[in-house]
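Down below is the structure, laid out as C-alpha cells.
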Amino acid sequence: MNDNHIIVIAEAGVNHNGDLSLAKRMVVEARKAGADYVKFQTAVPELVISTFAPKAEYQKETTGEAQSQLEMCKAIHLPLSDYAGLKALCEEEGIGFMSTPFDLVSIDCLEEIGQKVWKIPSGEITNLPYLRKIGLLGHEIIMSTGMASLEEVETAVRILENAGTPRRNISLLHCTTQYPAPMDSVNLKAMDALAALGCKSVGYSDHTEGIGVSVAAAARGARIIEKHFTLDRNLPGPDHRASLEPAELQKLVEEIRKVEIILGDGHKAATPAEQPNIEIARKSIVAARDIEEGEIFTEENITVKRPGNGISPLLWDSVLGRKAVRAFGADELIEL
C-alpha cells in the first residue's frame with residue numbers, strides 16, 4: 001500500500017432495510033467496487049430514540065409521516081445477532097468490516113465480535129457516556145464531525161483521550177449532516193481546521209449527490225472518504241436517495257485511486273515522463289549570424305533558441321566576451 005492510499009468506506013448503513021440477505025449482497029458489491037471497508041449501523045432503536053423524537057425533514061420526504069422515527073428505525077435495523085455473520089462474510093470476501101454503534105449495548109456487541117476500527121457518528125459527538133465507553137476500548141477511532149463546532153470536536157477528542165485512546169489513533173471526518181447535502185454547505189476548507197487539532201488524519205464523510213465532492217476532498221488531502229451506497233436508489237428508506245449505486249461506487253473508487261497517483265511524493269523534479277521533452281522545449285546559446293573564428297561573442301552575434309542540447313542560457317554571462325574557438329554558421333550551437 002502506497003503512502004498516498006486513501007481509505008474508502010462504503011457506508012451501507014441501514015440501506016439493507018433490515019434484510020440480512022440484502023446486507024450480505026451489499027458486502028459483496030462493496031468489495032467488487034474496490035472499497036476498503038463496508039460499514040453498517042448497529043443499534044437497539046428503543047435505546048437510541050424516544051417515542052417523542054420527530055423525523056428529520058429528509059426522512060419525512062423519503063419515508064412519509066405515518067411512522068414515527070422510532071418505528072421507522074425499528075423496521076430497518078438488523079438484530080444484534082446478525083453482525084457477527086456480516087463480519088465473517090467481510091473477512092471471507094476480503095473487505096474490512098465496520099459498524100457504527102448508536103448505543104452502549106451496541107458497543108458491547110461490536111466489541112464482543114472483535115471490531116478493531118470504530119466509527120463515531122456525528123450525532124454522538126456530544127454523548128459523554130458513549131464517547132467515554134468507546135475511548136476506554138483503546139482501538140482506532142474515526143469520528144464524523146457534522147453539526148459540530150471546532151470546540152465541540154476538541155472536547156470530544158479530549159474525552160476519548162482521557163478515557164484511554166491517544167490522539168494519534170483518532171481520525172476526524174468533516175461532514176455536513178443533511179441528506180443530500182447542498183453544495184454551498186460543503187466547506188471543504190474546514191478539513192484544515194480539523195487537521196490543526198493534531199489527530200491521526202482528516203477525511204470527509206460525503207452526503208452530497210454524485211462523486212465530485214468526494215474526489216475533490218481526496219485531492220485536497222482527505223485520507224478517508226466515506227460515502228453512502230445502496231443496491232438501488234429507488235428502494236424505500238431514508239438514506240437511499242443520497243447514496244451511490246454499485247457502479248457509481250466503483251467509479252468513485254477508481255477516481256480516488258487516480259488521485260492517489262497524481263498526488264505523487266511532493267518532491268519537485270523532472271519526471272521520467274518529462275525527460276524526452278527537455279531537449280525539445282528548452283533552449284541553448286546559438287549563433288545569431290555567421291561568426292568567424294576568434295570573433296568575440298556579443299549580444300549581437302549570439303542568441304537563444306531551441307533545442308536545449310547545447311550550452312544553457314543560464315551561462316549567458318559567462319559566454320559573452322569569450323572568443324569563438326572556430327567559425328559558426330547562423331543557428332549553430334555555440335561551443336566553448
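Naming scheme: A, B, ... for chains in displayed order of the C-alpha cells; residues 1 onward per chain; ligands 1 onward as shown.
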
Q: Run DSSP on the backbone of this structure and report the residues of range 6-215 of chain A it assigns to helix (DSSP H, G or I), as a ChimeraX atom specification.
A: /A:20-33,45-48,57-63,69-76,80-93,104-112,122-124,128-137,150-163,167-169,183-185,190-195,212-215

Q) Quick one: residues within 10 Å of Ala193 in chain A, only C-alpha atoms counted, chain neighbours fewer than 5 positions away excluded, as JSON, numbers by chain? A) {"A": [150, 174, 188, 198, 202]}

Those residues with C-alpha atoms, as a CSV table (one decimal), in the first residue's frame please?
chain,number,residue,atom,x,y,z
A,150,LEU,CA,-14.4,23.1,16.4
A,174,HIS,CA,-15.5,16.7,8.1
A,188,LEU,CA,-14.0,21.5,2.4
A,198,GLY,CA,-3.3,17.2,15.7
A,202,VAL,CA,-8.6,14.0,8.5

Kindly provide the residues of range 33-93 of chain A that approach range 118-130 of chain A to within 10 Å, each paired with its closest atom pair and their distance in Å to one decimal, based on only C-alpha atoms, listed by chain and increasing number, as CSV.
residue,atom,partner,partner_atom,distance
A:Lys39,CA,A:Lys119,CA,8.7
A:Phe40,CA,A:Lys119,CA,9.8
A:Gln41,CA,A:Lys119,CA,9.4

Within 9 Å of range 15-23 of chain A: each range 217-310 of chain A residue with its shortest pair, only C-alpha atoms, as JSON lines:
{"residue": "A:His228", "atom": "CA", "partner": "A:Asn15", "partner_atom": "CA", "distance": 8.6}
{"residue": "A:Phe229", "atom": "CA", "partner": "A:Asn15", "partner_atom": "CA", "distance": 7.6}
{"residue": "A:Thr230", "atom": "CA", "partner": "A:Asn15", "partner_atom": "CA", "distance": 5.9}
{"residue": "A:Leu231", "atom": "CA", "partner": "A:Asn15", "partner_atom": "CA", "distance": 8.1}
{"residue": "A:Leu235", "atom": "CA", "partner": "A:Asn15", "partner_atom": "CA", "distance": 8.4}
{"residue": "A:Pro236", "atom": "CA", "partner": "A:Asn17", "partner_atom": "CA", "distance": 7.8}
{"residue": "A:Gly237", "atom": "CA", "partner": "A:Asn17", "partner_atom": "CA", "distance": 6.7}
{"residue": "A:Pro238", "atom": "CA", "partner": "A:Asn15", "partner_atom": "CA", "distance": 8.2}
{"residue": "A:Asp239", "atom": "CA", "partner": "A:Asn15", "partner_atom": "CA", "distance": 6.6}
{"residue": "A:His240", "atom": "CA", "partner": "A:Asn15", "partner_atom": "CA", "distance": 6.4}
{"residue": "A:Ser243", "atom": "CA", "partner": "A:Asn15", "partner_atom": "CA", "distance": 8.9}

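Ranking A:Glu161, A:Asp206, A:Glu274, A:Glu61 by their shortest atom-to-atom distance to Ser185 in chain A, with only C-alpha atoms included, puts A:Asp206 first.
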
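Going from CA of Ile142 in chain A to CA of Glu92 in chain A covers 23.7 Å.
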
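For the residues A:Ile9, A:Ala156, A:Asp184, A:Glu300, ranking by smallest atom-to-atom distance to Ser214 in chain A using only C-alpha atoms places A:Ile9 first.
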
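Atom pair CA of His77 in chain A / CA of Lys116 in chain A: separated by 21.7 Å.
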
Q. So which residues of range 9-196 of chain A fall under strand (DSSP E) by DSSP, listed as number ranges by chain?
A. A: 9-13, 37-42, 96-101, 117-120, 140-144, 170-175

Go ahead and save the picked residues with N, CA, C and O atoms, as a compact mmCIF listing (two decimals), in the first residue's frame.
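Saved as part_35.txt:
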# COMPACT_ATOMS: atom_id res chain seq x y z
N ILE A 9 -14.57 4.13 2.55
CA ILE A 9 -15.56 3.41 3.35
C ILE A 9 -16.89 3.45 2.60
O ILE A 9 -17.44 4.53 2.36
N ALA A 10 -17.38 2.29 2.22
CA ALA A 10 -18.70 2.19 1.60
C ALA A 10 -19.73 2.09 2.73
O ALA A 10 -19.80 1.08 3.42
N GLU A 11 -20.48 3.15 2.91
CA GLU A 11 -21.43 3.24 4.02
C GLU A 11 -22.74 2.57 3.63
O GLU A 11 -23.60 3.17 2.98
N ALA A 12 -22.85 1.29 4.01
CA ALA A 12 -24.10 0.57 3.77
C ALA A 12 -25.18 1.08 4.71
O ALA A 12 -26.36 1.12 4.36
N GLY A 13 -24.75 1.45 5.93
CA GLY A 13 -25.69 2.00 6.90
C GLY A 13 -26.86 1.07 7.15
O GLY A 13 -26.71 -0.10 7.48
N TYR A 37 -13.49 -0.67 3.18
CA TYR A 37 -14.40 -1.10 4.25
C TYR A 37 -15.83 -1.01 3.76
O TYR A 37 -16.17 -0.15 2.94
N VAL A 38 -16.67 -1.87 4.29
CA VAL A 38 -18.11 -1.68 4.20
C VAL A 38 -18.58 -1.44 5.63
O VAL A 38 -18.16 -2.15 6.56
N LYS A 39 -19.41 -0.42 5.82
CA LYS A 39 -19.79 -0.04 7.17
C LYS A 39 -21.31 -0.08 7.34
O LYS A 39 -22.05 0.40 6.48
N PHE A 40 -21.72 -0.66 8.44
CA PHE A 40 -23.14 -0.74 8.78
C PHE A 40 -23.43 0.17 9.97
O PHE A 40 -22.54 0.89 10.46
N GLN A 41 -24.67 0.15 10.43
CA GLN A 41 -25.07 0.90 11.62
C GLN A 41 -25.75 -0.07 12.57
O GLN A 41 -26.71 -0.74 12.19
N THR A 42 -25.23 -0.14 13.78
CA THR A 42 -25.74 -1.08 14.78
C THR A 42 -26.46 -0.32 15.87
O THR A 42 -25.92 0.64 16.43
N GLY A 96 -12.72 -4.89 4.67
CA GLY A 96 -12.80 -4.56 6.08
C GLY A 96 -14.23 -4.39 6.55
O GLY A 96 -15.08 -3.85 5.83
N PHE A 97 -14.50 -4.85 7.77
CA PHE A 97 -15.83 -4.70 8.38
C PHE A 97 -15.80 -3.55 9.38
O PHE A 97 -14.84 -3.39 10.13
N MET A 98 -16.86 -2.78 9.39
CA MET A 98 -17.01 -1.73 10.37
C MET A 98 -18.51 -1.50 10.58
O MET A 98 -19.29 -1.63 9.65
N SER A 99 -18.89 -1.18 11.80
CA SER A 99 -20.26 -0.77 12.04
C SER A 99 -20.28 0.31 13.11
O SER A 99 -19.50 0.26 14.07
N THR A 100 -21.12 1.29 12.91
CA THR A 100 -21.26 2.39 13.85
C THR A 100 -22.26 2.01 14.93
O THR A 100 -23.43 1.76 14.61
N PRO A 101 -21.86 1.98 16.19
CA PRO A 101 -22.84 1.74 17.26
C PRO A 101 -23.55 3.04 17.62
O PRO A 101 -22.96 4.12 17.58
N VAL A 117 -11.73 -1.21 14.27
CA VAL A 117 -11.80 0.20 13.89
C VAL A 117 -13.22 0.68 14.18
O VAL A 117 -14.19 0.09 13.72
N TRP A 118 -13.32 1.75 14.97
CA TRP A 118 -14.62 2.20 15.45
C TRP A 118 -15.01 3.52 14.80
O TRP A 118 -14.20 4.43 14.70
N LYS A 119 -16.26 3.59 14.37
CA LYS A 119 -16.77 4.80 13.74
C LYS A 119 -17.78 5.47 14.66
O LYS A 119 -18.79 4.87 15.03
N ILE A 120 -17.50 6.71 15.02
CA ILE A 120 -18.41 7.50 15.83
C ILE A 120 -19.17 8.44 14.90
O ILE A 120 -18.56 9.21 14.15
N GLU A 140 -8.55 2.02 17.28
CA GLU A 140 -8.53 3.12 16.33
C GLU A 140 -9.96 3.64 16.15
O GLU A 140 -10.92 2.87 16.06
N ILE A 141 -10.08 4.98 16.08
CA ILE A 141 -11.39 5.62 16.01
C ILE A 141 -11.44 6.57 14.82
O ILE A 141 -10.49 7.31 14.56
N ILE A 142 -12.57 6.54 14.11
CA ILE A 142 -12.87 7.52 13.07
C ILE A 142 -14.14 8.24 13.52
O ILE A 142 -15.17 7.60 13.75
N MET A 143 -14.06 9.56 13.67
CA MET A 143 -15.20 10.30 14.20
C MET A 143 -15.68 11.35 13.19
O MET A 143 -14.92 12.21 12.76
N SER A 144 -16.96 11.27 12.83
CA SER A 144 -17.55 12.28 11.98
C SER A 144 -17.90 13.51 12.81
O SER A 144 -18.22 13.39 14.00
N ILE A 170 -6.92 8.67 16.51
CA ILE A 170 -8.23 9.25 16.20
C ILE A 170 -8.17 10.00 14.87
O ILE A 170 -7.32 10.88 14.70
N SER A 171 -9.03 9.65 13.95
CA SER A 171 -9.17 10.37 12.69
C SER A 171 -10.49 11.13 12.70
O SER A 171 -11.49 10.65 13.25
N LEU A 172 -10.50 12.31 12.09
CA LEU A 172 -11.67 13.17 12.10
C LEU A 172 -12.20 13.36 10.68
O LEU A 172 -11.43 13.68 9.77
N LEU A 173 -13.49 13.17 10.50
CA LEU A 173 -14.11 13.36 9.20
C LEU A 173 -14.96 14.62 9.20
O LEU A 173 -15.90 14.75 10.01
N HIS A 174 -14.63 15.54 8.32
CA HIS A 174 -15.53 16.67 8.10
C HIS A 174 -16.80 16.13 7.47
O HIS A 174 -16.78 15.14 6.72
N CYS A 175 -17.92 16.77 7.74
CA CYS A 175 -19.20 16.22 7.29
C CYS A 175 -20.26 17.31 7.34
O CYS A 175 -20.21 18.21 8.19

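Of the residues listed (A:Ala148, A:Ala269, A:Ala190, A:Leu47), A:Ala190 shows the shortest atom-to-atom separation from Gly221 in chain A; distances use only C-alpha atoms.
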
Applying 12 Å and only C-alpha atoms, which residues near Val105 in chain A remain after dropping the ones on its own chain fewer than 4 positions away? List them as a compact mmCIF listing (two decimals) with C-alpha atoms, in the first residue's frame.
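Below is the file that was written, selection-v6.txt:
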# COMPACT_ATOMS: atom_id res chain seq x y z
CA THR A 42 -25.74 -1.08 14.78
CA ALA A 43 -28.47 -0.03 17.19
CA VAL A 44 -31.17 -1.10 19.56
CA PRO A 45 -33.65 1.53 18.38
CA GLU A 46 -35.50 1.72 21.71
CA LEU A 47 -32.22 2.68 23.41
CA VAL A 48 -31.45 5.39 20.84
CA PRO A 79 -30.87 -7.58 15.18
CA LEU A 80 -27.56 -7.53 17.05
CA PRO A 101 -22.84 1.74 17.26
CA CYS A 109 -21.98 -6.23 20.76
CA LEU A 110 -19.34 -4.94 18.36
CA GLU A 111 -16.57 -5.31 20.94
CA GLU A 112 -17.58 -8.93 21.51
CA PRO A 129 -21.07 8.28 28.32
CA TYR A 130 -20.91 6.93 24.77
CA LYS A 133 -17.07 3.88 26.66
CA ILE A 134 -15.54 3.77 23.17
